[in-house]
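To be precise, the following lines are data_24.cif, and they hold mmCIF, C-alpha atoms.
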```cif
data_query
loop_
_atom_site.group_PDB
_atom_site.id
_atom_site.type_symbol
_atom_site.label_atom_id
_atom_site.label_comp_id
_atom_site.auth_asym_id
_atom_site.auth_seq_id
_atom_site.Cartn_x
_atom_site.Cartn_y
_atom_site.Cartn_z
ATOM 1 C CA MET A 1 47.304 -186.046 -187.406
ATOM 2 C CA TYR A 2 47.197 -182.528 -186.063
ATOM 3 C CA THR A 3 43.932 -180.636 -185.874
ATOM 4 C CA VAL A 4 43.644 -177.397 -187.817
ATOM 5 C CA GLU A 5 43.873 -175.501 -184.538
ATOM 6 C CA GLN A 6 47.100 -177.305 -183.614
ATOM 7 C CA VAL A 7 48.626 -176.389 -186.996
ATOM 8 C CA LYS A 8 47.563 -172.756 -186.589
ATOM 9 C CA ALA A 9 49.141 -172.684 -183.126
ATOM 10 C CA LEU A 10 52.548 -173.408 -184.678
ATOM 11 C CA VAL A 11 52.560 -170.084 -186.559
ATOM 12 C CA ARG A 12 54.840 -167.691 -184.673
ATOM 13 C CA GLU A 13 54.408 -163.949 -184.423
ATOM 14 C CA TYR A 14 57.301 -161.477 -184.432
ATOM 15 C CA PRO A 15 56.390 -157.871 -183.601
ATOM 16 C CA ASP A 16 58.252 -155.078 -185.367
ATOM 17 C CA PHE A 17 59.723 -157.355 -188.051
ATOM 18 C CA PRO A 18 60.896 -156.588 -190.691
ATOM 19 C CA SER A 19 60.162 -153.023 -189.624
ATOM 20 C CA GLU A 20 58.537 -151.210 -186.729
ATOM 21 C CA GLY A 21 54.781 -151.582 -186.571
ATOM 22 C CA VAL A 22 54.693 -154.825 -188.594
ATOM 23 C CA LEU A 23 53.564 -158.077 -186.981
ATOM 24 C CA PHE A 24 55.305 -160.828 -188.967
ATOM 25 C CA ARG A 25 53.673 -164.259 -188.992
ATOM 26 C CA ASP A 26 56.153 -167.087 -189.550
ATOM 27 C CA ILE A 27 54.864 -170.369 -191.034
ATOM 28 C CA PHE A 28 58.264 -172.100 -190.969
ATOM 29 C CA PRO A 29 57.695 -173.751 -187.553
ATOM 30 C CA ILE A 30 55.013 -175.863 -189.264
ATOM 31 C CA PHE A 31 57.715 -177.284 -191.539
ATOM 32 C CA GLN A 32 59.814 -178.377 -188.560
ATOM 33 C CA ASP A 33 57.222 -181.046 -187.797
ATOM 34 C CA PRO A 34 56.465 -183.569 -190.580
ATOM 35 C CA GLU A 35 53.122 -184.503 -189.032
ATOM 36 C CA ALA A 36 52.072 -180.848 -188.967
ATOM 37 C CA VAL A 37 52.985 -180.502 -192.649
ATOM 38 C CA ARG A 38 51.022 -183.640 -193.552
ATOM 39 C CA SER A 39 48.039 -182.320 -191.594
ATOM 40 C CA LEU A 40 48.225 -178.901 -193.251
ATOM 41 C CA VAL A 41 48.451 -180.407 -196.738
ATOM 42 C CA ALA A 42 45.567 -182.807 -195.999
ATOM 43 C CA HIS A 43 43.395 -179.935 -194.771
ATOM 44 C CA LEU A 44 44.177 -177.754 -197.799
ATOM 45 C CA VAL A 45 43.490 -180.646 -200.187
ATOM 46 C CA GLU A 46 40.155 -181.243 -198.447
ATOM 47 C CA GLN A 47 39.237 -177.572 -198.855
ATOM 48 C CA ILE A 48 40.292 -177.555 -202.513
ATOM 49 C CA ARG A 49 38.131 -180.589 -203.262
ATOM 50 C CA ALA A 50 35.178 -179.090 -201.374
ATOM 51 C CA GLN A 51 35.419 -175.598 -202.854
ATOM 52 C CA ALA A 52 36.890 -176.132 -206.331
ATOM 53 C CA GLY A 53 35.977 -179.710 -207.163
ATOM 54 C CA THR A 54 38.262 -181.401 -209.647
ATOM 55 C CA VAL A 55 41.325 -179.438 -210.705
ATOM 56 C CA ASP A 56 43.965 -180.185 -213.325
ATOM 57 C CA ALA A 57 47.040 -178.494 -211.833
ATOM 58 C CA VAL A 58 48.430 -176.557 -208.894
ATOM 59 C CA VAL A 59 50.265 -173.273 -209.490
ATOM 60 C CA GLY A 60 52.685 -172.107 -206.785
ATOM 61 C CA LEU A 61 54.081 -168.599 -206.334
ATOM 62 C CA ASP A 62 57.801 -167.927 -205.919
ATOM 63 C CA ALA A 63 59.022 -168.864 -203.363
ATOM 64 C CA ARG A 64 56.861 -170.032 -200.455
ATOM 65 C CA GLY A 65 54.194 -171.392 -202.762
ATOM 66 C CA PHE A 66 56.863 -173.936 -203.704
ATOM 67 C CA LEU A 67 56.799 -175.348 -200.159
ATOM 68 C CA LEU A 68 53.174 -176.471 -200.301
ATOM 69 C CA GLY A 69 52.268 -176.448 -203.992
ATOM 70 C CA PRO A 70 54.065 -179.637 -205.063
ATOM 71 C CA GLN A 71 52.829 -181.506 -201.995
ATOM 72 C CA ILE A 72 49.240 -180.441 -202.662
ATOM 73 C CA ALA A 73 49.603 -181.347 -206.345
ATOM 74 C CA GLY A 74 50.924 -184.785 -205.407
ATOM 75 C CA ALA A 75 48.041 -185.384 -203.014
ATOM 76 C CA LEU A 76 45.560 -184.318 -205.710
ATOM 77 C CA GLY A 77 47.289 -186.431 -208.361
ATOM 78 C CA VAL A 78 47.907 -183.447 -210.657
ATOM 79 C CA GLY A 79 50.923 -181.542 -211.937
ATOM 80 C CA PHE A 80 52.607 -178.495 -210.443
ATOM 81 C CA ALA A 81 53.506 -175.315 -212.354
ATOM 82 C CA PRO A 82 55.731 -172.620 -210.811
ATOM 83 C CA VAL A 83 55.300 -168.860 -211.062
ATOM 84 C CA ARG A 84 58.791 -167.356 -210.876
ATOM 85 C CA LYS A 85 60.302 -163.918 -210.727
ATOM 86 C CA ARG A 86 61.595 -162.525 -214.032
ATOM 87 C CA GLY A 87 64.601 -164.267 -215.537
ATOM 88 C CA LYS A 88 64.430 -167.481 -213.479
ATOM 89 C CA LEU A 89 62.732 -169.749 -216.037
ATOM 90 C CA PRO A 90 64.260 -171.092 -219.253
ATOM 91 C CA GLY A 91 62.513 -171.047 -222.605
ATOM 92 C CA ARG A 92 59.575 -168.968 -223.732
ATOM 93 C CA VAL A 93 57.552 -167.353 -220.954
ATOM 94 C CA VAL A 94 54.494 -165.195 -220.406
ATOM 95 C CA GLN A 95 54.783 -162.238 -218.029
ATOM 96 C CA ALA A 96 52.619 -160.206 -215.666
ATOM 97 C CA THR A 97 53.669 -157.085 -213.787
ATOM 98 C CA TYR A 98 52.515 -156.376 -210.247
ATOM 99 C CA ALA A 99 52.911 -153.532 -207.765
ATOM 100 C CA LYS A 100 55.097 -153.932 -204.709
ATOM 101 C CA GLU A 101 55.551 -151.621 -201.754
ATOM 102 C CA TYR A 102 58.301 -149.739 -203.612
ATOM 103 C CA GLY A 103 57.906 -150.125 -207.356
ATOM 104 C CA GLU A 104 56.960 -153.034 -209.584
ATOM 105 C CA ASP A 105 58.080 -156.595 -210.168
ATOM 106 C CA VAL A 106 57.426 -159.188 -212.867
ATOM 107 C CA PHE A 107 56.254 -162.774 -212.563
ATOM 108 C CA GLU A 108 56.658 -165.349 -215.320
ATOM 109 C CA MET A 109 55.376 -168.782 -216.277
ATOM 110 C CA GLN A 110 56.696 -171.022 -219.013
ATOM 111 C CA GLU A 111 54.588 -171.309 -222.127
ATOM 112 C CA GLY A 112 53.039 -174.761 -222.119
ATOM 113 C CA ALA A 113 53.122 -175.094 -218.321
ATOM 114 C CA LEU A 114 49.316 -175.222 -218.421
ATOM 115 C CA ALA A 115 47.046 -176.381 -221.223
ATOM 116 C CA PRO A 116 44.124 -174.257 -222.395
ATOM 117 C CA GLY A 117 40.951 -175.064 -220.490
ATOM 118 C CA MET A 118 42.691 -176.406 -217.387
ATOM 119 C CA ARG A 119 41.185 -175.634 -213.975
ATOM 120 C CA VAL A 120 43.930 -174.751 -211.515
ATOM 121 C CA VAL A 121 44.478 -173.815 -207.888
ATOM 122 C CA VAL A 122 46.951 -171.037 -207.048
ATOM 123 C CA VAL A 123 48.876 -171.602 -203.785
ATOM 124 C CA ASP A 124 50.947 -169.199 -201.685
ATOM 125 C CA ASP A 125 51.716 -168.721 -198.010
ATOM 126 C CA LEU A 126 50.243 -165.264 -197.492
ATOM 127 C CA LEU A 127 47.566 -163.029 -198.998
ATOM 128 C CA ALA A 128 48.297 -159.392 -198.183
ATOM 129 C CA THR A 129 47.408 -156.766 -200.811
ATOM 130 C CA GLY A 130 46.730 -159.354 -203.528
ATOM 131 C CA GLY A 131 49.137 -157.978 -206.134
ATOM 132 C CA SER A 132 51.321 -161.039 -206.585
ATOM 133 C CA CYS A 133 48.396 -163.455 -206.669
ATOM 134 C CA ARG A 134 46.542 -161.228 -209.128
ATOM 135 C CA ALA A 135 49.617 -161.411 -211.387
ATOM 136 C CA ALA A 136 49.567 -165.220 -211.076
ATOM 137 C CA GLU A 137 45.887 -165.257 -212.046
ATOM 138 C CA GLN A 138 46.752 -163.130 -215.103
ATOM 139 C CA LEU A 139 49.487 -165.571 -216.112
ATOM 140 C CA VAL A 140 47.110 -168.531 -215.801
ATOM 141 C CA ARG A 141 44.586 -166.728 -218.035
ATOM 142 C CA LYS A 142 47.300 -165.850 -220.583
ATOM 143 C CA LEU A 143 47.970 -169.580 -220.878
ATOM 144 C CA GLY A 144 44.268 -170.215 -221.483
ATOM 145 C CA ALA A 145 43.562 -171.851 -218.129
ATOM 146 C CA HIS A 146 41.115 -170.908 -215.354
ATOM 147 C CA VAL A 147 41.798 -170.292 -211.655
ATOM 148 C CA ALA A 148 39.219 -172.239 -209.679
ATOM 149 C CA LEU A 149 40.532 -171.222 -206.226
ATOM 150 C CA ASP A 150 43.325 -169.207 -204.611
ATOM 151 C CA VAL A 151 44.652 -170.921 -201.457
ATOM 152 C CA PHE A 152 46.750 -169.407 -198.664
ATOM 153 C CA VAL A 153 47.922 -170.358 -195.214
ATOM 154 C CA ILE A 154 47.381 -166.791 -193.916
ATOM 155 C CA ARG A 155 45.155 -163.947 -195.124
ATOM 156 C CA LEU A 156 45.768 -160.486 -193.703
ATOM 157 C CA ALA A 157 42.085 -159.577 -193.604
ATOM 158 C CA GLY A 158 42.565 -155.865 -192.985
ATOM 159 C CA LEU A 159 44.410 -155.417 -196.286
ATOM 160 C CA GLU A 160 41.480 -156.843 -198.285
ATOM 161 C CA GLY A 161 43.713 -158.496 -200.877
ATOM 162 C CA HIS A 162 40.885 -160.858 -201.824
ATOM 163 C CA LYS A 163 39.142 -157.906 -203.480
ATOM 164 C CA GLN A 164 41.981 -157.767 -206.037
ATOM 165 C CA LEU A 165 41.419 -161.373 -207.105
ATOM 166 C CA GLN A 166 38.960 -162.898 -209.539
ATOM 167 C CA ALA A 167 38.896 -166.416 -208.083
ATOM 168 C CA PRO A 168 37.395 -167.389 -204.734
ATOM 169 C CA VAL A 169 39.851 -167.407 -201.818
ATOM 170 C CA TYR A 170 40.470 -169.923 -199.047
ATOM 171 C CA ALA A 171 42.876 -169.229 -196.181
ATOM 172 C CA LEU A 172 43.625 -171.432 -193.209
ATOM 173 C CA MET A 173 43.953 -168.354 -190.996
ATOM 174 C CA ASP A 174 42.541 -164.835 -191.114
ATOM 175 C CA CYS A 175 44.667 -162.359 -189.187
#
```

Spell out the structure here as structure tokens.
Amino acid sequence: MYTVEQVKALVREYPDFPSEGVLFRDIFPIFQDPEAVRSLVAHLVEQIRAQAGTVDAVVGLDARGFLLGPQIAGALGVGFAPVRKRGKLPGRVVQATYAKEYGEDVFEMQEGALAPGMRVVVVDDLLATGGSCRAAEQLVRKLGAHVALDVFVIRLAGLEGHKQLQAPVYALMDC
């Protein structure tokens, strides 16, 4: 098993990507090493159990939340429910709009993906301004469930995205 510090050390930084003045943090090197992935998932599961207690489902945001969400759900022994961009899910859906850098976008979840009263964890790779995770929280509430914890690999602390969220936040790394 890797230590948390060894997992963090795998995150690469790319200055001036995707535009000048931005320091991009790339989590994909973690996924090149199966032991690092297992260690990351084990750590996040430990934090979820410690901070949220028992949960009934894991909700993952399109698209990087799909990398960790199902693995975390499997380790917790609960189901996984995706949050997708508009038009990607079949059947009846609920929607939430969120602000992006240039305009708005829409997230959706399928009706019935969560049962009323469920306690869920929302998972994504990065917390920046909080808009997309706030939309996910809204979708969970529209389905009658409750977000017990929002979990991220990286939180960009200077952007204060956690202030946009109703649930407590855990991030492996604060940058």

Hey, what's within 12 Å of A:Ala63 if we count all atoms listed in the file and toss same-chain stuff fewer than 5 positions away? As a PyMOL selection string, please?
-> chain A and resi 68-70+82-85+88+107+123-126+132

Got a sec: who's within 9 Å of A:Ile72, counting all atoms listed in the file, leaving out chain neighbours fewer than 5 positions off, as a PyMOL selection string?
-> chain A and resi 41-42+44-45+58+77-78+80+123

Given the file above and the PyMOL selection byres ((chain A and resi 105) around 12), which residues are selected, and can you give them as a PyMOL selection string?
-> chain A and resi 84-87+95-104+106-108+131-132+135

Counting all atoms listed in the file, the residue of A:Val153, A:Leu165, A:Val140, A:Ala50 that sits nearest A:Ala81 | A:Val140

Given the file above and the PyMOL selection byres ((chain A and resi 35) around 12), which residues are selected, and can you give them as a PDB file with C-alpha atoms, keeping the file's coordinate frame?
```
ATOM      1  CA  MET A   1      47.304-186.046-187.406  1.00  0.00           C
ATOM      2  CA  TYR A   2      47.197-182.528-186.063  1.00  0.00           C
ATOM      3  CA  THR A   3      43.932-180.636-185.874  1.00  0.00           C
ATOM      4  CA  VAL A   4      43.644-177.397-187.817  1.00  0.00           C
ATOM      5  CA  GLN A   6      47.100-177.305-183.614  1.00  0.00           C
ATOM      6  CA  VAL A   7      48.626-176.389-186.996  1.00  0.00           C
ATOM      7  CA  LEU A  10      52.548-173.408-184.678  1.00  0.00           C
ATOM      8  CA  PRO A  29      57.695-173.751-187.553  1.00  0.00           C
ATOM      9  CA  ILE A  30      55.013-175.863-189.264  1.00  0.00           C
ATOM     10  CA  PHE A  31      57.715-177.284-191.539  1.00  0.00           C
ATOM     11  CA  GLN A  32      59.814-178.377-188.560  1.00  0.00           C
ATOM     12  CA  ASP A  33      57.222-181.046-187.797  1.00  0.00           C
ATOM     13  CA  PRO A  34      56.465-183.569-190.580  1.00  0.00           C
ATOM     14  CA  ALA A  36      52.072-180.848-188.967  1.00  0.00           C
ATOM     15  CA  VAL A  37      52.985-180.502-192.649  1.00  0.00           C
ATOM     16  CA  ARG A  38      51.022-183.640-193.552  1.00  0.00           C
ATOM     17  CA  SER A  39      48.039-182.320-191.594  1.00  0.00           C
ATOM     18  CA  LEU A  40      48.225-178.901-193.251  1.00  0.00           C
ATOM     19  CA  VAL A  41      48.451-180.407-196.738  1.00  0.00           C
ATOM     20  CA  ALA A  42      45.567-182.807-195.999  1.00  0.00           C
TER      21      ALA A  42
END
```

Output stretch 78-99 of chain A as a short mmCIF file (atom, residue, chain, number, x, y, z; two decimals), keeping the file's coordinate frame, making sure N, CA, C and O atoms are there.
```cif
data_model
loop_
_atom_site.label_atom_id
_atom_site.label_comp_id
_atom_site.auth_asym_id
_atom_site.auth_seq_id
_atom_site.Cartn_x
_atom_site.Cartn_y
_atom_site.Cartn_z
N VAL A 78 47.80 -184.34 -209.50
CA VAL A 78 47.91 -183.45 -210.66
C VAL A 78 49.30 -182.85 -210.70
O VAL A 78 50.09 -182.99 -209.77
N GLY A 79 49.62 -182.15 -211.78
CA GLY A 79 50.92 -181.54 -211.94
C GLY A 79 51.04 -180.22 -211.19
O GLY A 79 50.05 -179.64 -210.74
N PHE A 80 52.28 -179.76 -211.10
CA PHE A 80 52.61 -178.50 -210.44
C PHE A 80 53.28 -177.58 -211.46
O PHE A 80 54.15 -178.02 -212.21
N ALA A 81 52.90 -176.31 -211.47
CA ALA A 81 53.51 -175.32 -212.35
C ALA A 81 53.96 -174.11 -211.52
O ALA A 81 53.16 -173.52 -210.80
N PRO A 82 55.24 -173.75 -211.61
CA PRO A 82 55.73 -172.62 -210.81
C PRO A 82 55.51 -171.27 -211.48
O PRO A 82 55.57 -171.15 -212.70
N VAL A 83 55.26 -170.27 -210.66
CA VAL A 83 55.30 -168.86 -211.06
C VAL A 83 56.59 -168.31 -210.47
O VAL A 83 56.77 -168.36 -209.26
N ARG A 84 57.48 -167.81 -211.34
CA ARG A 84 58.79 -167.36 -210.88
C ARG A 84 58.96 -165.88 -211.16
O ARG A 84 58.31 -165.31 -212.02
N LYS A 85 59.92 -165.30 -210.45
CA LYS A 85 60.30 -163.92 -210.73
C LYS A 85 61.04 -163.87 -212.06
O LYS A 85 61.60 -164.88 -212.51
N ARG A 86 61.03 -162.71 -212.70
CA ARG A 86 61.60 -162.52 -214.03
C ARG A 86 63.02 -163.08 -214.13
O ARG A 86 63.85 -162.88 -213.25
N GLY A 87 63.27 -163.79 -215.23
CA GLY A 87 64.60 -164.27 -215.54
C GLY A 87 65.00 -165.58 -214.89
O GLY A 87 66.13 -166.03 -215.05
N LYS A 88 64.09 -166.24 -214.19
CA LYS A 88 64.43 -167.48 -213.48
C LYS A 88 64.01 -168.75 -214.23
O LYS A 88 64.38 -169.85 -213.84
N LEU A 89 63.22 -168.59 -215.29
CA LEU A 89 62.73 -169.75 -216.04
C LEU A 89 63.35 -169.79 -217.43
O LEU A 89 63.42 -168.76 -218.11
N PRO A 90 63.74 -170.98 -217.89
CA PRO A 90 64.26 -171.09 -219.25
C PRO A 90 63.13 -171.15 -220.28
O PRO A 90 61.98 -171.44 -219.93
N GLY A 91 63.48 -170.92 -221.51
CA GLY A 91 62.51 -171.05 -222.60
C GLY A 91 61.59 -169.85 -222.71
O GLY A 91 61.81 -168.80 -222.10
N ARG A 92 60.55 -170.04 -223.50
CA ARG A 92 59.58 -168.97 -223.73
C ARG A 92 58.66 -168.84 -222.52
O ARG A 92 58.23 -169.86 -221.96
N VAL A 93 58.38 -167.61 -222.13
CA VAL A 93 57.55 -167.35 -220.95
C VAL A 93 56.49 -166.31 -221.26
O VAL A 93 56.60 -165.54 -222.22
N VAL A 94 55.46 -166.29 -220.43
CA VAL A 94 54.49 -165.20 -220.41
C VAL A 94 54.77 -164.41 -219.14
O VAL A 94 55.27 -164.96 -218.15
N GLN A 95 54.46 -163.12 -219.16
CA GLN A 95 54.78 -162.24 -218.03
C GLN A 95 53.56 -161.47 -217.55
O GLN A 95 52.64 -161.19 -218.32
N ALA A 96 53.61 -161.11 -216.27
CA ALA A 96 52.62 -160.21 -215.67
C ALA A 96 53.35 -159.34 -214.66
O ALA A 96 54.17 -159.83 -213.88
N THR A 97 53.06 -158.05 -214.69
CA THR A 97 53.67 -157.08 -213.79
C THR A 97 52.73 -156.84 -212.61
O THR A 97 51.51 -156.81 -212.77
N TYR A 98 53.32 -156.67 -211.43
CA TYR A 98 52.52 -156.38 -210.25
C TYR A 98 53.21 -155.33 -209.39
O TYR A 98 54.43 -155.19 -209.43
N ALA A 99 52.40 -154.60 -208.63
CA ALA A 99 52.91 -153.53 -207.76
C ALA A 99 53.41 -154.11 -206.46
O ALA A 99 52.79 -155.01 -205.88
#
```
